[in-house]
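Trainee: Submitted below is the structure of interest, expressed as structure tokens.
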Amino acid sequence: MELELRGITKRFGSLVANDGISLAVAPGKVHALLGENGAGKSTLMNVLYGLLQPDEGEILINGTGVRLGSPKDAIAAGIGMVHQHFMLVPTFTVAENVTLGIEQAGWGGLLDARRTRSEVRELSHDYGLDVDPDALVEELPVGIQQRVEIIKALVRKADVLILDEPTAVLTPAETEELFRIIRQLTDRGTSVIFISHKLREVQAIADTITVLRRGAVVGERAPDATIDDLAALMVGRDVQLRVSKPPASPGRVVLDVAGLTVVGTDGQTCVDRMSFQVKAGEILGIAGVQGNGQTELCEALMGLRPTAGGAVTVDGEDLTTATPRRRLRSGVAYVPEDRTDDGLVGSFSVSENLILDTYDRKEFASPLLPGGPRNLRLPEIAKNAAERIAEFDVRTGSASTAAGTLSGGNQQKVILARELGREHRVLIASQPTRGLDVGSIEFVHRRIVSQRDHGVAVLIVSSELDEIYALADRIAVMYEGKITGFRDPDVAAAEVGRLMAGGADLTPGLTPTEPEPVATEPGPVAPEPEDAPEPEEKP
Amino acid sequence: MTTSTGPASGSAASGSAAPASPKLPALLPPGSSGAGWGGRFAAPVTFAVFGLADIALFGIHARGTATFAFNQEFAKATVPNLALPAAATCYACGALTLVLAALRLLIVLGWPATVATAVGRRGWRRLLLGLVLFCFVVALLAWSDGGQAIAFNVVDLLSGTFSDSIPLMLGALTGVICSRTGVINIAIEGQLLLGAFCAAIATSVTGSLWLGLVCGALAGSLVATLLAVFAIAYAVDQIVLGVVLNTLVLGLTGYLYNAIMIPFGNTLNNPATFTPVKIPLLGDIPIIGPVFFDATVFLYITYVALAGVHIGLFRTRWGLRTRAVGEHPVAADTVGIGVLAMRYRNVIASGLIAGIGGAYFTIGSVGSFGINMSSGEGYIALAAMIFGRYTPVGAVLAALLFGFTTQLQSILSSINVPIQSNLLLLAPYVVTIVVVAGLVGKVRGPRAEGVPYVKS
């Protein structure tokens, strides 16, 4: 089926989310929509899926105009969508989720569960999706949940499948699987609209790339366009994909973690006698596939989770059992993994979020009576917010905007502004750029490097190898709660990948037996080498 | 009872990455030992308290022989009475309960592993709980009947439980449908009360019991309509709304009672009542017959409602869509299900069930309306719904448990048990609190319950 959008314009109040967008999707092709967060990709797709009505423009299917007033119309027209946040009922089985809305029902509305199940099984088999129709969705890994969404669309006879940021939640291996599924779909004539802001992925899968910026189409490219070209088009200026940083000049040991052991909620040991040191003026990057104890490590370092053994000291001060508050006072800055749940209070304003840790200091609060309740100094708080917003380039309507309504990049800037605004010696940042667009990633990375250059000891925990390579002066790889090895950042990605998959440390001297050649096959969870940056690509 | 903890509520809509770390431990100060000490040991400790009560409270004070009867008058087939030494019965129940407490403790400690996993499943744990409660009741009855000349009639207790629980069961079923569709229905109390009022007036005026039943049902649905309009269209806070509706109905029926029912009592508040209908053959089975198959039409309606709601929710297209709308309305919307229409229909239709439950008060048992005659049963129905984990069968069983305590209280106070009658009156509420707070554990309701659906 041939799908064409002509001059689609969608406004929200004074904001033009889509500005005269035209687009043609050929049958059996992968058409990528590339753009930063907020460029209007999702709005456009919601228009196409009938969730939003365009103010201007038309949608043509096989040359004739159609009106898509609701998702129902879009489904009937052969358009399927896999939303970024899956539209699955977690307490339902796969089959129930697939059949919802188009149930096969007999007398009195009794469901024909068997028929649905066999339908799911058939589709799953045809496309090599490998999904059990009776599994509960909430118990499935994200990658499989995504396949359930794809099956949902296929059952509804979708000829055009919209995938909204499909790789945002996937591991590199799962992404490869998804690409395989996409190719199978296009081989059978289904068109795929692939929405992403990840340049490499778009290059790898797309037949045509349309780049959006600020709601308008700024260019169309073939997949052999260079990364730099695409990035510049997307951001509107030349982007440095790799942070240029002077060599580190490490000083004294600031953060010293010795034999740290953390027991998780389920009684399992998540962090197992881990020891490492971070020096002033250096960035230690902890690489590893998500779920290997990184979350628990960070929470234990911040006093958010009790430790079962070992010691944590900062500049010689023992913080092993200190409260989070005391750790903050001792000069630890913390950027948590989960921005929205742990980093901010979404319903508080930006200015309030900026003083979450310092609201009781003299400059922001004066006691009404000596030792009595305190009175917030609102003008000071507002002034602080204005300064921070300007310094960190937070794009917000005003300082009193609720932080939860900001884009991910701007939320992260608010957190950085707060944490770096306090006097600190250590910066612990967990997944600092997850889900951010290229522009924001660049901003966050620069800030982190400049922290290092000012003599802060920086600990970065990231499951994105790109990020580890971009930032770290030393790499520690974590696997099942242990460090499987320390490496310098000039080591090959395959070697780090091997350690991430639990490969033994082959450093000479540590392994008495003859070591295997370094080219050992990376485990299934190791990222594909193509995901790793080639240092020579951008000198 | 359960150890399942719901994932962080915010991530309901997002397919968040698989091993999302539970947020709870983050609140614990460092250095404090593992999570939920009190929670883990709540069940064994409660069991042990029950066992000690069986022994110390009842066993030591029990005298003579307790006789249990299992027949009603004029029964065709009979079962002989059972005479037990009262004190020994109490001690035996207490000992068994303590053994069960020890077993429960082993499950908590996970030792020995094989037994703990085999017996640790939810079904088994519920069975243990049931046994403990059963022992407690037997000990209580042995103590209260010990030394008395009259036999304690178990069949009267059970059949009374069933008929007394009708408003609770129907109210709880209404609550289940509303919650499953995403609306908290606190207004069950008001639905019961208005149902009772309208059924009384309609039957008094027309002389038709069936017309009274229909009017009672429609009255419940009228309250539900108000609930639906304000909760769904105007997104009013559903807790506040429910309480307001209950107060409104209480005031309205109270006013009308004084204004018209007292002056014209003979014509407006003098309804006939349904008489019990014995089902042929089934009704003659000893014990089971009089309890299940010899009752007013209300009990049979309850059976039908229970089967209907259960099959409807879990086996039909309507049920699948209803549950989807209550769990993840956005997902339902994207596959073309009208979320608001679904909620309107379900809330209003479910009001019919609670209305029938209310009608039972006037035209099923008492035979006249009285101010606030539902006396908080709507709230207990709500507790039964939660205790029953938002399932129709569970909610009805929970309602029966509450009804049982009410019935036990009224029988015990009539046979001169040396407990203050006011204390006995407290029993149903104490059981509610203990059960909901101590033994239910964490129940995860439908995720979108109480959250108005507003299209962005």
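Ligands are numbered from 1 in the order shown, chains are lettered A, B, ... in the order of the structure tokens, and residues start at 1 in each chain.
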Under the rule of at most 8 Å, produce a per-residue listing of chain A near chain B: chain, number, name, the closest pair of atoms, and the distance in Å, as a tab-separated table, using only C-alpha atoms.
Mentor:
```
residue	atom	partner	partner_atom	distance
A:Ser70	CA	B:Gly336	CA	7.7
A:Pro71	CA	B:Thr334	CA	5.7
A:Lys72	CA	B:Gly336	CA	5.0
A:Gln84	CA	B:Ser14	CA	7.9
A:His85	CA	B:Ser14	CA	4.4
A:Phe86	CA	B:Gly15	CA	5.5
A:Met87	CA	B:Ala331	CA	4.3
A:Leu88	CA	B:Ala331	CA	5.9
A:Val89	CA	B:His328	CA	5.7
A:Pro90	CA	B:Ala12	CA	7.8
A:Thr91	CA	B:Glu327	CA	7.8
A:Glu96	CA	B:Leu320	CA	7.7
A:Leu100	CA	B:Arg321	CA	6.8
A:Gly101	CA	B:Val335	CA	5.5
A:Glu103	CA	B:Arg317	CA	6.4
A:Ala105	CA	B:Arg317	CA	6.6
A:Gly108	CA	B:Thr316	CA	7.7
A:Gly109	CA	B:Thr316	CA	5.1
A:Leu110	CA	B:Thr316	CA	4.2
A:Leu111	CA	B:Thr316	CA	4.9
A:Leu140	CA	B:Ala18	CA	7.6
A:Pro141	CA	B:Ala18	CA	5.3
A:Val142	CA	B:Ala17	CA	5.9
A:Gln145	CA	B:Gly15	CA	7.6
A:Val169	CA	B:Ala17	CA	6.6
A:Thr265	CA	B:Pro25	CA	7.0
A:Gly291	CA	B:Pro19	CA	6.6
A:Thr295	CA	B:Ser21	CA	7.9
A:Glu299	CA	B:Ala26	CA	7.6
A:Gly303	CA	B:Pro30	CA	5.9
A:Leu304	CA	B:Ala26	CA	4.8
A:Arg305	CA	B:Ala26	CA	5.4
A:Pro306	CA	B:Pro30	CA	4.0
A:Thr307	CA	B:Gly31	CA	6.7
A:Thr321	CA	B:Pro30	CA	5.9
A:Ala322	CA	B:Pro30	CA	7.3
A:Thr323	CA	B:Pro30	CA	6.9
```
Trainee: How would the residues just picked look written out with C-alpha atoms as a PDB file, in the first residue's frame?
Mentor:
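Ended up saving to selection.pdb:
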```pdb
ATOM      1  CA  SER A  70      -9.833   7.767  15.380  1.00  0.00           C
ATOM      2  CA  PRO A  71      -7.436   4.854  15.785  1.00  0.00           C
ATOM      3  CA  LYS A  72     -10.316   2.678  14.611  1.00  0.00           C
ATOM      4  CA  GLN A  84       6.926   4.125  22.470  1.00  0.00           C
ATOM      5  CA  HIS A  85       5.096   3.336  25.692  1.00  0.00           C
ATOM      6  CA  PHE A  86       3.484   0.056  24.837  1.00  0.00           C
ATOM      7  CA  MET A  87      -0.276  -0.058  24.719  1.00  0.00           C
ATOM      8  CA  LEU A  88      -0.534  -3.431  26.409  1.00  0.00           C
ATOM      9  CA  VAL A  89      -2.624  -4.370  29.412  1.00  0.00           C
ATOM     10  CA  PRO A  90       0.015  -5.779  31.766  1.00  0.00           C
ATOM     11  CA  THR A  91      -2.308  -8.163  33.608  1.00  0.00           C
ATOM     12  CA  GLU A  96      -5.913 -11.366  25.334  1.00  0.00           C
ATOM     13  CA  LEU A 100      -8.688  -6.911  22.576  1.00  0.00           C
ATOM     14  CA  GLY A 101     -11.017  -4.791  20.468  1.00  0.00           C
ATOM     15  CA  GLU A 103     -12.486 -10.327  19.835  1.00  0.00           C
ATOM     16  CA  ALA A 105     -16.854 -14.108  20.315  1.00  0.00           C
ATOM     17  CA  GLY A 108     -23.584 -14.146  24.393  1.00  0.00           C
ATOM     18  CA  GLY A 109     -20.184 -12.652  23.778  1.00  0.00           C
ATOM     19  CA  LEU A 110     -18.326 -15.685  25.085  1.00  0.00           C
ATOM     20  CA  LEU A 111     -14.721 -15.436  23.977  1.00  0.00           C
ATOM     21  CA  LEU A 140       7.683 -10.657  29.587  1.00  0.00           C
ATOM     22  CA  PRO A 141      10.909  -8.795  28.824  1.00  0.00           C
ATOM     23  CA  VAL A 142      10.464  -5.514  26.996  1.00  0.00           C
ATOM     24  CA  GLN A 145       6.380  -7.085  24.697  1.00  0.00           C
ATOM     25  CA  VAL A 169      14.101   0.319  25.540  1.00  0.00           C
ATOM     26  CA  THR A 265      15.257  -6.797  47.859  1.00  0.00           C
ATOM     27  CA  GLY A 291      20.574  -5.297  35.658  1.00  0.00           C
ATOM     28  CA  THR A 295      21.341   0.370  40.182  1.00  0.00           C
ATOM     29  CA  GLU A 299      21.800   3.488  45.566  1.00  0.00           C
ATOM     30  CA  GLY A 303      22.795   5.656  51.226  1.00  0.00           C
ATOM     31  CA  LEU A 304      19.462   4.834  49.625  1.00  0.00           C
ATOM     32  CA  ARG A 305      19.997   1.126  50.166  1.00  0.00           C
ATOM     33  CA  PRO A 306      21.635  -0.565  53.138  1.00  0.00           C
ATOM     34  CA  THR A 307      25.046  -2.115  52.630  1.00  0.00           C
ATOM     35  CA  THR A 321      26.402   4.099  57.059  1.00  0.00           C
ATOM     36  CA  ALA A 322      25.806   7.806  56.547  1.00  0.00           C
ATOM     37  CA  THR A 323      22.352   9.125  55.665  1.00  0.00           C
TER      38      THR A 323
END
```
Trainee: When DSSP works through the backbone of this structure, what residues of range 124-276 of chain A end up as strand (DSSP E or B), shown as an NGL selection string?
Mentor: :A and (136 or 160-164 or 191-196 or 208-213 or 216-221 or 253-263 or 269-276)
Trainee: Which distance in Å separates CA of Leu141 in chain B and CA of Ala384 in chain B, to one decimal?
Mentor: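 CA of Leu141 in chain B sits 24.3 Å away from CA of Ala384 in chain B.
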Trainee: Work out how far CA of Ala48 in chain B is from CA of Ala95 in chain B, in Å to one decimal.
Mentor: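 The value is 9.8 Å.
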Trainee: Env of Ser221 in chain B: 12 Å cut, atoms = only C-alpha atoms, seq-sep filter 2 positions within chain, self excluded. Answer as a ChimeraX atom specification.
Mentor: /B:174,187-188,190-195,198,214-219,223-228,344-358
Trainee: Using C-alpha atoms, can you export the residues from the last selection as a PDB file, in the first residue's frame?
Mentor:
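See result-v7.pdb below for the written result:
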```
ATOM      1  CA  THR B 174     -21.519  -4.051  42.204  1.00  0.00           C
ATOM      2  CA  ALA B 187     -21.748   4.903  46.949  1.00  0.00           C
ATOM      3  CA  ILE B 188     -22.786   1.254  47.430  1.00  0.00           C
ATOM      4  CA  GLY B 190     -26.423   4.872  49.154  1.00  0.00           C
ATOM      5  CA  GLN B 191     -27.464   2.420  46.473  1.00  0.00           C
ATOM      6  CA  LEU B 192     -28.534  -0.102  49.101  1.00  0.00           C
ATOM      7  CA  LEU B 193     -30.430   2.475  51.121  1.00  0.00           C
ATOM      8  CA  LEU B 194     -32.293   4.050  48.218  1.00  0.00           C
ATOM      9  CA  GLY B 195     -33.045   0.565  46.880  1.00  0.00           C
ATOM     10  CA  CYS B 198     -37.980   2.641  46.818  1.00  0.00           C
ATOM     11  CA  VAL B 214     -37.679  -3.620  39.934  1.00  0.00           C
ATOM     12  CA  CYS B 215     -38.056  -0.218  41.583  1.00  0.00           C
ATOM     13  CA  GLY B 216     -35.383  -1.077  44.114  1.00  0.00           C
ATOM     14  CA  ALA B 217     -33.033  -2.053  41.305  1.00  0.00           C
ATOM     15  CA  LEU B 218     -33.760   1.133  39.384  1.00  0.00           C
ATOM     16  CA  ALA B 219     -33.142   3.187  42.531  1.00  0.00           C
ATOM     17  CA  VAL B 223     -27.521   6.602  42.422  1.00  0.00           C
ATOM     18  CA  ALA B 224     -25.066   4.912  40.060  1.00  0.00           C
ATOM     19  CA  THR B 225     -26.046   7.316  37.291  1.00  0.00           C
ATOM     20  CA  LEU B 226     -25.213  10.292  39.498  1.00  0.00           C
ATOM     21  CA  LEU B 227     -21.919   8.632  40.384  1.00  0.00           C
ATOM     22  CA  ALA B 228     -21.157   7.979  36.736  1.00  0.00           C
ATOM     23  CA  TYR B 344     -20.965   4.714  31.936  1.00  0.00           C
ATOM     24  CA  ARG B 345     -22.681   1.520  30.937  1.00  0.00           C
ATOM     25  CA  ASN B 346     -20.982  -0.633  33.542  1.00  0.00           C
ATOM     26  CA  VAL B 347     -21.413   1.730  36.482  1.00  0.00           C
ATOM     27  CA  ILE B 348     -25.080   2.375  35.749  1.00  0.00           C
ATOM     28  CA  ALA B 349     -25.938  -1.243  35.044  1.00  0.00           C
ATOM     29  CA  SER B 350     -24.083  -2.519  38.100  1.00  0.00           C
ATOM     30  CA  GLY B 351     -26.229  -0.180  40.214  1.00  0.00           C
ATOM     31  CA  LEU B 352     -29.158  -2.481  39.476  1.00  0.00           C
ATOM     32  CA  ILE B 353     -27.467  -5.257  41.440  1.00  0.00           C
ATOM     33  CA  ALA B 354     -26.872  -3.135  44.538  1.00  0.00           C
ATOM     34  CA  GLY B 355     -30.429  -1.815  44.270  1.00  0.00           C
ATOM     35  CA  ILE B 356     -31.758  -5.370  44.465  1.00  0.00           C
ATOM     36  CA  GLY B 357     -29.507  -5.944  47.466  1.00  0.00           C
ATOM     37  CA  GLY B 358     -31.097  -2.904  49.098  1.00  0.00           C
TER      38      GLY B 358
END
```
Trainee: Find the distance between CA of Ile381 in chain A and CA of Glu352 in chain A and write it in Å to one decimal.
Mentor: 7.7 Å
Trainee: Out of range 388-504 of chain A, which residues get helix (DSSP H, G or I) from DSSP, as an MDAnalysis selection string?
Mentor: chainID A and resid 388:391 403:405 408:421 438:453 465:471 493:500
Trainee: Save out the residues we just selected, N, CA and C atoms, as a compact mmCIF listing (two decimals), in the first residue's frame.
Mentor:
```txt
# COMPACT_ATOMS: atom_id res chain seq x y z
N ARG A 388 20.40 29.54 37.63
CA ARG A 388 20.66 28.16 37.20
C ARG A 388 20.08 27.90 35.80
N ILE A 389 18.87 28.39 35.59
CA ILE A 389 18.22 28.16 34.29
C ILE A 389 19.07 28.77 33.18
N ALA A 390 19.59 29.96 33.45
CA ALA A 390 20.42 30.60 32.44
C ALA A 390 21.72 29.83 32.24
N GLU A 391 22.36 29.44 33.35
CA GLU A 391 23.65 28.79 33.26
C GLU A 391 23.57 27.46 32.54
N ALA A 403 8.18 20.72 36.83
CA ALA A 403 9.34 20.06 36.23
C ALA A 403 8.93 18.85 35.40
N GLY A 404 7.85 18.19 35.81
CA GLY A 404 7.43 16.99 35.11
C GLY A 404 6.98 17.24 33.68
N THR A 405 6.67 18.50 33.36
CA THR A 405 6.19 18.78 32.01
C THR A 405 7.33 19.08 31.04
N GLY A 408 12.75 15.43 28.47
CA GLY A 408 13.75 14.67 29.21
C GLY A 408 15.08 15.42 29.33
N GLY A 409 15.51 16.01 28.22
CA GLY A 409 16.78 16.72 28.23
C GLY A 409 16.77 17.87 29.22
N ASN A 410 15.67 18.60 29.24
CA ASN A 410 15.60 19.74 30.15
C ASN A 410 15.45 19.31 31.60
N GLN A 411 14.77 18.19 31.82
CA GLN A 411 14.70 17.67 33.19
C GLN A 411 16.12 17.32 33.67
N GLN A 412 16.88 16.69 32.79
CA GLN A 412 18.23 16.30 33.18
C GLN A 412 19.07 17.54 33.47
N LYS A 413 18.84 18.60 32.69
CA LYS A 413 19.59 19.83 32.96
C LYS A 413 19.23 20.40 34.32
N VAL A 414 17.96 20.30 34.70
CA VAL A 414 17.56 20.80 36.02
C VAL A 414 18.29 20.01 37.11
N ILE A 415 18.35 18.70 36.93
CA ILE A 415 19.02 17.87 37.94
C ILE A 415 20.50 18.23 38.02
N LEU A 416 21.13 18.35 36.85
CA LEU A 416 22.56 18.72 36.84
C LEU A 416 22.75 20.08 37.50
N ALA A 417 21.89 21.01 37.17
CA ALA A 417 22.02 22.36 37.74
C ALA A 417 21.95 22.31 39.25
N ARG A 418 21.05 21.48 39.77
CA ARG A 418 20.91 21.38 41.22
C ARG A 418 22.13 20.71 41.83
N GLU A 419 22.52 19.57 41.27
CA GLU A 419 23.58 18.78 41.89
C GLU A 419 24.93 19.46 41.77
N LEU A 420 25.17 20.10 40.62
CA LEU A 420 26.48 20.74 40.45
C LEU A 420 26.52 22.10 41.10
N GLY A 421 25.34 22.60 41.49
CA GLY A 421 25.30 23.91 42.14
C GLY A 421 25.77 23.84 43.59
N VAL A 438 20.26 14.13 20.74
CA VAL A 438 21.68 14.35 20.50
C VAL A 438 22.18 15.65 21.12
N GLY A 439 21.39 16.71 20.95
CA GLY A 439 21.81 18.01 21.49
C GLY A 439 22.00 17.95 23.00
N SER A 440 21.06 17.32 23.69
CA SER A 440 21.15 17.26 25.15
C SER A 440 22.29 16.36 25.58
N ILE A 441 22.50 15.26 24.85
CA ILE A 441 23.61 14.36 25.19
C ILE A 441 24.92 15.12 25.15
N GLU A 442 25.06 15.89 24.09
CA GLU A 442 26.28 16.67 23.93
C GLU A 442 26.47 17.61 25.12
N PHE A 443 25.39 18.28 25.49
CA PHE A 443 25.44 19.23 26.61
C PHE A 443 25.84 18.52 27.89
N VAL A 444 25.18 17.39 28.19
CA VAL A 444 25.45 16.69 29.44
C VAL A 444 26.89 16.19 29.46
N HIS A 445 27.33 15.63 28.35
CA HIS A 445 28.71 15.12 28.29
C HIS A 445 29.73 16.23 28.52
N ARG A 446 29.49 17.37 27.90
CA ARG A 446 30.43 18.49 28.11
C ARG A 446 30.51 18.89 29.56
N ARG A 447 29.36 18.96 30.21
CA ARG A 447 29.32 19.35 31.61
C ARG A 447 30.11 18.36 32.46
N ILE A 448 29.92 17.08 32.15
CA ILE A 448 30.59 16.06 32.95
C ILE A 448 32.10 16.17 32.78
N VAL A 449 32.55 16.37 31.53
CA VAL A 449 33.99 16.49 31.31
C VAL A 449 34.53 17.75 31.99
N SER A 450 33.75 18.82 31.98
CA SER A 450 34.27 20.04 32.60
C SER A 450 34.34 19.87 34.12
N GLN A 451 33.45 19.04 34.66
CA GLN A 451 33.56 18.72 36.08
C GLN A 451 34.89 18.06 36.37
N ARG A 452 35.21 17.09 35.53
CA ARG A 452 36.48 16.38 35.69
C ARG A 452 37.64 17.37 35.65
N ASP A 453 37.57 18.26 34.67
CA ASP A 453 38.68 19.20 34.51
C ASP A 453 38.79 20.16 35.68
N LEU A 465 27.64 1.65 25.61
CA LEU A 465 29.09 1.62 25.43
C LEU A 465 29.59 2.91 24.80
N ASP A 466 28.81 3.45 23.86
CA ASP A 466 29.16 4.74 23.23
C ASP A 466 29.52 5.77 24.28
N GLU A 467 28.66 5.82 25.29
CA GLU A 467 28.81 6.84 26.32
C GLU A 467 30.05 6.59 27.15
N ILE A 468 30.26 5.32 27.50
CA ILE A 468 31.44 4.97 28.29
C ILE A 468 32.70 5.40 27.53
N TYR A 469 32.72 5.05 26.24
CA TYR A 469 33.91 5.39 25.46
C TYR A 469 34.08 6.90 25.33
N ALA A 470 32.98 7.61 25.21
CA ALA A 470 33.07 9.05 25.01
C ALA A 470 33.62 9.75 26.25
N LEU A 471 33.31 9.20 27.44
CA LEU A 471 33.60 9.95 28.66
C LEU A 471 34.76 9.40 29.49
N ALA A 493 36.23 -2.48 21.50
CA ALA A 493 34.89 -2.66 22.05
C ALA A 493 34.56 -4.13 22.25
N ALA A 494 35.12 -4.97 21.38
CA ALA A 494 34.82 -6.39 21.51
C ALA A 494 35.33 -6.94 22.84
N GLU A 495 36.46 -6.41 23.30
CA GLU A 495 37.02 -6.88 24.56
C GLU A 495 36.13 -6.46 25.72
N VAL A 496 35.65 -5.21 25.70
CA VAL A 496 34.74 -4.76 26.77
C VAL A 496 33.45 -5.56 26.70
N GLY A 497 32.98 -5.81 25.47
CA GLY A 497 31.77 -6.60 25.30
C GLY A 497 31.92 -7.99 25.91
N ARG A 498 33.12 -8.55 25.75
CA ARG A 498 33.37 -9.87 26.29
C ARG A 498 33.28 -9.84 27.82
N LEU A 499 33.85 -8.81 28.41
CA LEU A 499 33.79 -8.68 29.87
C LEU A 499 32.36 -8.44 30.33
N MET A 500 31.58 -7.69 29.52
CA MET A 500 30.19 -7.41 29.89
C MET A 500 29.37 -8.69 29.90
```
Trainee: List the neighbours of Arg156 in chain A out to 8 Å using only C-alpha atoms; skip same-chain residues closer than 5 positions along the sequence, and give me the result as a short mmCIF file (atom, residue, chain, number, x, y, z; two decimals) with N, CA, C and O atoms, in the first residue's frame.
Mentor:
```cif
data_model
loop_
_atom_site.label_atom_id
_atom_site.label_comp_id
_atom_site.auth_asym_id
_atom_site.auth_seq_id
_atom_site.Cartn_x
_atom_site.Cartn_y
_atom_site.Cartn_z
N ILE A 75 -6.79 1.86 11.86
CA ILE A 75 -6.64 0.41 11.80
C ILE A 75 -7.37 -0.13 10.58
O ILE A 75 -6.85 -0.96 9.84
N ALA A 76 -8.59 0.38 10.36
CA ALA A 76 -9.37 -0.08 9.21
C ALA A 76 -8.66 0.24 7.90
O ALA A 76 -8.77 -0.50 6.91
N GLY A 78 -5.56 0.09 7.45
CA GLY A 78 -4.36 -0.71 7.33
C GLY A 78 -3.13 -0.09 7.96
O GLY A 78 -2.00 -0.41 7.59
N GLY A 80 -0.93 0.39 11.36
CA GLY A 80 -0.71 -0.13 12.71
C GLY A 80 0.37 0.68 13.38
O GLY A 80 1.23 1.26 12.72
#
```
Trainee: With a distance cut-off of 10 Å and only C-alpha atoms, select the neighbouring residues of Gly175 in chain B, excluding the residue or stretch itself and same-chain residues fewer than 2 positions from it, and output the selection as a VMD selection string.
Mentor: chain B and resid 169 to 173 177 to 181 183 to 188 347 350 to 351 353 to 354 378 381 to 386 390 to 392 395
Trainee: My list of candidates is A:Leu15, A:Met302, A:Arg434, A:Val131. Which is closest to Gly38 in chain A when distances are computed with only C-alpha atoms?
Mentor: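 Selected residue with least distance to Gly38 in chain A: A:Leu15.
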